[in-house]
Every structure is written in structure tokens, then in C-alpha cells.
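Notes to accompany the following structure.
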Amino acid sequence: MIHAAQPERINLVIQKIIDLILSRETNLESLKIDDENLLESLTISKSIIFRVCFCWSYLTDDRSLIRHYQQIGGRIFNDCLSLMASQRDFLWSEYWQKNQQDYCGSGRTKRKLRVGFLGNCFQRHSVGFLSEATLRNLSRDLLDVVYYYYQGWKNEDMASHDNMYQKFRSHENLHFRFFPGETNPPQVAAQAREDRIDIMIFMDSITCHDANIVAALRAAPIQIGWLGGDAVGLPEFDYFFADPYILPEDAQADYHEKIIRLPSYCAVDYLDVLPADKIDFRAKLRIDPQDIVLLTAASAYKRTPECIDAHLQILKAVPNGILIVKGSGEIATVIRRYQERAKELDVLDRVRFLAQASSVEEHRGQLALVDLVLDTFPYTGATHTMEALYMGVPVLTLVGRHYYGRMSYSLLKNVGLEDCITWSVEEFIQRGIQLGNDPKWINQIKRNIRDSRRWSVIWDPREHARSMEAAFFHILEGKSHETYTFHPNDLYSTPDEWNQAGIQLIRSLSADASVSTHQSAWEEALSLWRRGLARDPYHVPCWLNRIHALLVLGDRSRAFEDAYALLEFLCTEAQSMQPSQLTDVPIWVESEGSADPGAYTKYSYLYYLAKWMAAHVGVVYSPEAMRFWNLAYSINPDDRQAALAVAIELLSQKKIEGLIPVNHILGLDPTHQQASLVKQIAMWEVVPQVKTASSPAQPDLYFDYENCKLFLEPSFSSIVTRVLLAQGEWFEDEISFCKHFLRQGMNVIDVGANVGVYTFLAAHRVGPTGSVIAIEPTASCVRCMQKTISASSLEDVVFLIEAAAGDHEGTIQLREERASVFNSVDDPKQMSEREPNDDGKIVNLVTLDSVWRSKGEPQIDLIKIDAESAEDRVISGGKELLSASHPVIIFENKRSPIGTATAKVLELLGYEFYTYNRFLNKLTRVKPQQYPIAASNTIAIHPSDLGKVADMMSV
């Protein structure tokens, strides 16, 4: 029915349909549905809902007119489906009478709230892009979440190649219902009823027709429309999720659905982007360096003559402007209409037509290269606008009265871009001209967009999810939709007060609080600091605390995005800014405690940020970590940890000046163990290299660690030595997991033990009634462990095996690297295809099963495997042990294909997989055998052993 860019034709068709409907003898508003008029009535209702009203949204701003016919069509459609349901014994009223107790009675109080999300958008789909982050962040403590994937890909094999589908499937603690192409709506509704869904959210009901049939049959006692377009108008929809801006305050009169206003109608944190080549992009489109690049990107049927004229009027009054036109649909018609009007305005030479990008990721990359996006009207952008803002590009919009005319307005309002919001065509044109002729103004708006990443709810899907959860329980409690509010922004008047409220919340946490309690508190504190930044985007105490809260909650990428932005601000505008009171000091510093609280306020915020980034950006020897250790040391040379990191890095490069910070530390504290050990290594390994002294004997180096003397390789080439001497502890989060998990009397196997960081931690925890078997093929590491065992009297606890582990017994070639942690054994399959390597060393090869049997087949509680890409072979050699004991297994996942292969072997043995957050002491379930994960290590736990880690689970 829609013929792109020909609105007069659309209007004609719509009017004919309306005339035909109105010419009927029966008044549609009072039409009674029966068997005789069922099919005709169903056809009429579909025409109204899915054709007339949907198309009108592209042409008119008359919300009341559209909603009037939408609800007439919805009522007829619903009555038709109700009649059909009664004929199939599928009537909701009868079902509800029989099963109400399962929803509202004792059955409901014994379980979590069950919320379903239904649609075809769990894939590469606009609604999918805008909803994935919110759904990912819904609390599985409060909710059982079920996705009903309906009318999307026809089968799961096809869907598995869709990266967005993979993202949805990888969500934590998820029930996923995939309905193949031949599934009919009653089957979907029946499944939801069987699942006892309390609340069903319909995510794309306007464009997914059969989803409306599911809604009309009623899949749940409470049904809500959200995100995939305006409310449908079916009587079986109870609520509609909007926000304070996308529907004005007077809109409720035009809706039978009760409008719940969330802070925003959507939120995202990450969008996949394929960066565009700026030089190539501008060359192909003949764009000069001084040109202001305007872009309009939209479907063809959004482009009314008035909209096209406004875009070109702006271009005409911006002498350096270039207008890029791109989109989908009848693009030939779009090009012709822009060309005709551009020729009339004498600007055709400055209009460029850009072919549709091959992917949405490529499109987003192109967005980053434009200066200003010109919105369409009366149907505005949603996904396009969100993508532009995500790429830091402003969008100029004209606000309408109906839902589709206010989608851009809502997003712009939520990031504070008042300058990009207009209320008439004349103002739209005038503002576009002003912006196009003022590059500094555009750049300031771009900076404001970047700043909004710290405070706007549209970039905070975690908080958006919390607001949705609050709405669910508000509805269940029978409260009026008009009284729903979430996190009022007027609790405090200054950023300092918001900051202090967040600090007090975290300080009030008890040490023995549950994982869920800790997570909820940090989420609430994050929200408080976000709202402080909404008052002042450059309030550094809120900014620093927000960064740390993001890291605590597992959002590492976002934390460092904010951290680098703060680094830029401090280095360019506030290098010497420092706390003026104790509550201004970052939460992680303050929590360390001090006999002299005033000492915390003498250092600059730049110093605190440098220390934080050095500690968390990567392992101490990584280039990026060293960048910040150097910065911290340059600001405060008395910082012993920073001085050690700088010294070790210099000495590892055989640079004698590394002794200067070491001697400085020893001058401050002659008993400093780590500095003393660093100096011992330097005197043996570095000083002779520069011919300044005779070479002393190789030192015996031990480090006080977990109540034992841990002997280290006396060389800066040893990663373990460098990390322990610089940081005082091993860097992997799983060390903390072991501290919480291990108990007296447990038995542990450490495969790839190196010098025993995990081995001797475990030995201390399991005590004399437990045991640790350490398997290590590298001779120098074995010698260190032998010394540790002897010096610490652990002969009855730690049993050392000098060998590699694999899937069979025998011998194998060990490849030795400069740093022993990277030593690896050859894959036997690859060895048979090539000549032996003369650089390798032949070592014994054992299996976990053979080792276990040799020890009398004890119960094994934990196995740690760090075998440099041989983890799957180690697991294959221990299937008897694993089947008998079901130990918790920590295995390396740095090389994603290897982690995936290991997970697949363990999956066959019934294991489930988790990552660990040391800040919250939390395990989160993941699926590395299907979807790549970013964590360095994965923890595999058999369901029969989940009780042992119950205190680390949030669900």
C-alpha cells in the first residue's frame, strides 16, 4: 500500500478505506461480532490497525485521530479473536477461573515473578538493538525471565549465525523459547500459559501481526506493550511503557492502555561499530575539509515533501554545507524528489546520494564522519537517532504530537540537547541554518553528547532495567499507573550531596551481606553518582566513584571509557585539582582507612586516577599499566607501589637506573621486603650487565605468601616474580575465588603450577587434613616449589609431580619461553605432521586419571588448569576423576577457541560455566562453549556442587 515518497497516493488509499468503512450500514464503534461477519470484521480490523493507522503516522501529526481508529480496529480485532478462542476452548476467562491460584495464590508466593518478552526482535532488528542491554540487566534475583522468539528466523540453525541472536541467547539465567516458522499463535499463547507467565511484554506488536493474535488470546494476566511502535489499541493490552517525553501528559485520554512512564523508553550501553575510513569516505562523496556535512538517513516512506523541502532549505542557507541522503525503500523515488527540489533551490551540486551500507555496523561507522543529522518528520527517528548519539553526532528534530513524532525528542531531551529540539517547521529550518553555519556550536554539542555518557539514563540500561522492575511490582501491587515514579532527581540539591549519599550507602554495607545485597547497593550508589553528574557533568568525586562502581559491577569497558575521559579532563583543565574534604576522596581510597584522614586530601585527583588505572587496566608489566604507574610515580615519588613497578620495569630492560626508586623505598623503609628482593635480583641479573660490579651468587629468593615462604625464580624475566614483587599478590580474580571456596580438608590439583601461587594458597586453606597435587613440567619452577615445601614444612600437604598433563601417558616436547608461565607442550597431532623442534625439551606426560588413581582415588574438590592451550587435552585425560568427584575446575580462557573447546568437553560431563567477580564475590553463569567471553579464566561447576558456592550466587 505504501509507495515510497508519494504521500498523496497513500492518503488517497487511506481515505478510500475509511470511506468504505464509514459507508457501512453498521456503526463500527458498536459492531457486534458473530460467526457470519467474523472474517469480514477481522479483515477490516487488520486494515485499520496495520495499514491505515500505521501509515497515517508517516503523514499526519493528529494523535487523537490515529488513536481513535487504532482503538476501534483493536476492539474489533480482539472481539474476533475472542470468538475464535471460545470456539477452540481457548477463552482466557475460563482458563483464568481454573488456574488463578497458580498466579495469585500460594503458588505465586513460592516463586519469583515470571516475566516474558515476546517478539521477532531477538536478532538483528531495530527493537533488538534498543532492548538487548535492558533485558541483559534485568535482575534474575527478582525475576524469572523468558524470551519468546516468534516469527523471526525459521529455524535455530539460521538464527545461530545472527550476532544479536547470540547476544540474547547468552544472557544470564535465561529461559528461551524458540518457535519455528510453522508455529501458530495459539501454540505460543498456550506455551506462555503453561509457563505461568505473570507479565508478558510484547516488543514489536505493530509490525509482527501474529503477536497481536497471541495478545488477543491473552498469554498472561498482565500484558504490556513496549518499544516496537505505538500502542496497538487491543483491549487485551493492559499497560504501555513510554517515558515523560515520548507521550505528552495529555496523551492518556487517547489510550485505553494505562501509560507507565519509565525514565526513558530505551537505553543502550554498547553498539557494534565498523569504523569508516574518513579520507576514503570524504573522497568518494567529494567533501572538502572545510565542508559541514549534513546527513538524512531514513526509510523512503518517512520523507514527505515538506520534510524534503526543509532539509534542502537548510542546505541552501549553509554555504559550506553538503547534504548526504541515504536510506532504504524506493530509493529511486527519493533521489528523484530530492533532485527536483534541489534543482529548484539551486543546491543540486551540494547533494550527495550514499548507497545503503552493507551492515548496520558500517552505517554507524559512517555516522561518526558527519557533523549534523537532519531528522525526518512527522515520523522521526528512533534507532537512527540513538545510533547517531552513540557515535557522538547531534540530531536536529521537529517534535510532533504522536508517539512516532516524539521518539527523537525523547532521546535528545534525555541527553540535554535542547538546542537540537524544535517545535515548528520554520524553527527546524532556522535552527538547522544556525547550526550549519556555526561549527563551534556543533562541536560544543558533540562534547555535551560525550559528557552525557556519564549521566544520562539512555546510556544506563542497568538503571533502565531497575525502573522496569519497579514498574512490574508497582503494577502487581495494584497501584495506579499515575503514581509510578522511579528515582526522583530532587532528593538532593548539590552534586556533593549526591556523592556523599552514594558513599554512605556503600559504607553501610556489612561484611557478611549477601552477593545480591552488595550488588544492589553498588547499583544504587552508581545511580546516585550518575544523578550527581546530571547536576554537574564535571563533578570529579562523583565521576571517580562512578568509574569504580562500574568496575565493581563488571562493566569494565564502560569504566575505562569514563576513566580515559576523566584523564583527558584532568590533564587539560584540572591537573592540580584535589579533594578539599574527606568525602571528596574516591570511595576505594577511603575504604583503605588511615590514621591520618587528612593525608588523603593532599594528593591530586589525577594521582588517584593514575593509581586506579594502573591497578586495573592490566597486569603490572603491560604497557598500558606501566603508563599509569609512571604517571603516579611522577606525581608522588614516595608512592612505594608505583616506585616498585617503575623500578622493576626498568630493571627488566637491564637499565641500572631502576635501582634509584628501589634505593629511595629502602631509604624510607629499610625493612621493605619487596624492595629488598628486587635489589637482590638486580645485583645478580642487572649490575653485571653494565660492568659496574662483579657478579654475586644467584640469590635464593623467597616471598612471604599465605603463611609460607614462597621461593621465586630470581629473574625479572619471570612474570610471577615481577607481579608478586610489584603488587604483592597474583593478579587473577580467581585467586579471590579460591580464598572464599577452599576449606579445611579439601583436595586440590594444580595443573601448570609454575612456582605455586595457587598451590600454596590452596595448601594454606586446606590445611593438614587436606592435600594439594601440583603438576609442573618446568625444572626451574619445580626447584622453587621443592624449596617452598621444605622451608614451609608442607611435605604432608603438597605433592609435587614434575611432568606435563595431557590426554595420555608418555613423554612430550616442552617448548620453553623466556617467561616460564608461557611454556607449553606440543600438540601430539601437530607433532606427527612436522619435524621435532631442537629447541624443545622432552618431559614426562601424565593424565589426571593416572595421578588420581595413584593417590588412591580421593575426592577432588578443585582443579586449576593453566596449560597454555592444552586445557582440553588435560580435561580429556581426567574423565574418570571428573565423573567420580565433580570437582570445581578453573581453566584458562585467554585463547577463546581453546576455552570453547575445553568447555565443550566439560559440557558433555554435565558442567556449567561461570565467570567470577572478585569485588562482589559473585559467580555469573556464561556459555563459553557457544558464545565467546572476555574473561581470562572460566570456572566450571557441576550442578551437584552448586551448594558449595551458594554464597557466591545471586540467584
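Scheme for the C-alpha cells: letters A, B, ... for chains in order shown; per-chain residue numbers from 1; ligand numbers from 1 in order shown.
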
Members of range 390-483 of chain A assigned alpha helix (DSSP H) by DSSP, as a VMD selection string: chain A and resid 390 407 to 414 425 to 436 439 to 452 461 to 476

Contacts of Thr296 in chain A at 8 Å (only C-alpha atoms; same-chain gap of 3+ positions) as a PyMOL selection string: chain A and resi 323-326+373-376

Could you pull the residues within 9 Å of Ala935 in chain A, counting only C-alpha atoms, minus those fewer than 6 positions along the same chain, as a PDB file with N, CA and C atoms, in the first residue's frame?
```pdb
ATOM      1  N   GLU A 892      41.941 -21.852  31.864  1.00  0.00           N
ATOM      2  CA  GLU A 892      42.305 -20.625  31.155  1.00  0.00           C
ATOM      3  C   GLU A 892      41.445 -20.448  29.918  1.00  0.00           C
ATOM      4  N   ASN A 893      41.060 -19.207  29.680  1.00  0.00           N
ATOM      5  CA  ASN A 893      40.184 -18.902  28.548  1.00  0.00           C
ATOM      6  C   ASN A 893      40.757 -17.788  27.685  1.00  0.00           C
ATOM      7  N   LYS A 894      42.062 -17.486  27.821  1.00  0.00           N
ATOM      8  CA  LYS A 894      42.636 -16.338  27.119  1.00  0.00           C
ATOM      9  C   LYS A 894      42.562 -16.515  25.616  1.00  0.00           C
ATOM     10  N   THR A 915      31.817 -17.029  35.282  1.00  0.00           N
ATOM     11  CA  THR A 915      32.917 -16.096  35.499  1.00  0.00           C
ATOM     12  C   THR A 915      32.777 -15.538  36.905  1.00  0.00           C
ATOM     13  N   TYR A 916      33.883 -15.019  37.425  1.00  0.00           N
ATOM     14  CA  TYR A 916      33.921 -14.599  38.829  1.00  0.00           C
ATOM     15  C   TYR A 916      34.251 -13.118  38.937  1.00  0.00           C
TER      16      TYR A 916
END
```

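The space between CA of Glu156 in chain A and CA of Gln187 in chain A spans 17.9 Å.
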
Can you list, as an mmCIF file with C-alpha atoms, in the first residue's frame, every protein, DNA or RNA residue that comes within 7 Å of range 427-436 of chain A when you count only C-alpha atoms, leaving out same-chain residues fewer than 2 positions away?
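What ended up in around.cif:
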```cif
data_model
loop_
_atom_site.group_PDB
_atom_site.id
_atom_site.type_symbol
_atom_site.label_atom_id
_atom_site.label_comp_id
_atom_site.auth_asym_id
_atom_site.auth_seq_id
_atom_site.Cartn_x
_atom_site.Cartn_y
_atom_site.Cartn_z
ATOM 1 C CA ILE A 292 29.859 20.981 7.003
ATOM 2 C CA ALA A 310 13.080 21.679 4.951
ATOM 3 C CA GLN A 313 16.182 24.930 2.638
ATOM 4 C CA ILE A 314 18.765 24.385 5.383
ATOM 5 C CA ALA A 317 21.440 28.731 3.630
ATOM 6 C CA VAL A 318 24.630 26.894 4.694
ATOM 7 C CA GLY A 321 27.107 22.554 3.589
ATOM 8 C CA LEU A 398 10.923 18.588 14.960
ATOM 9 C CA THR A 422 12.368 22.459 17.556
ATOM 10 C CA TRP A 423 8.576 22.856 17.550
ATOM 11 C CA SER A 424 7.693 24.087 14.050
ATOM 12 C CA VAL A 425 8.925 23.635 10.512
ATOM 13 C CA ASP A 438 28.465 27.618 13.426
ATOM 14 C CA PRO A 439 30.931 24.683 13.627
ATOM 15 C CA TRP A 441 28.363 25.332 18.313
ATOM 16 C CA ILE A 442 28.182 21.854 16.747
#
```
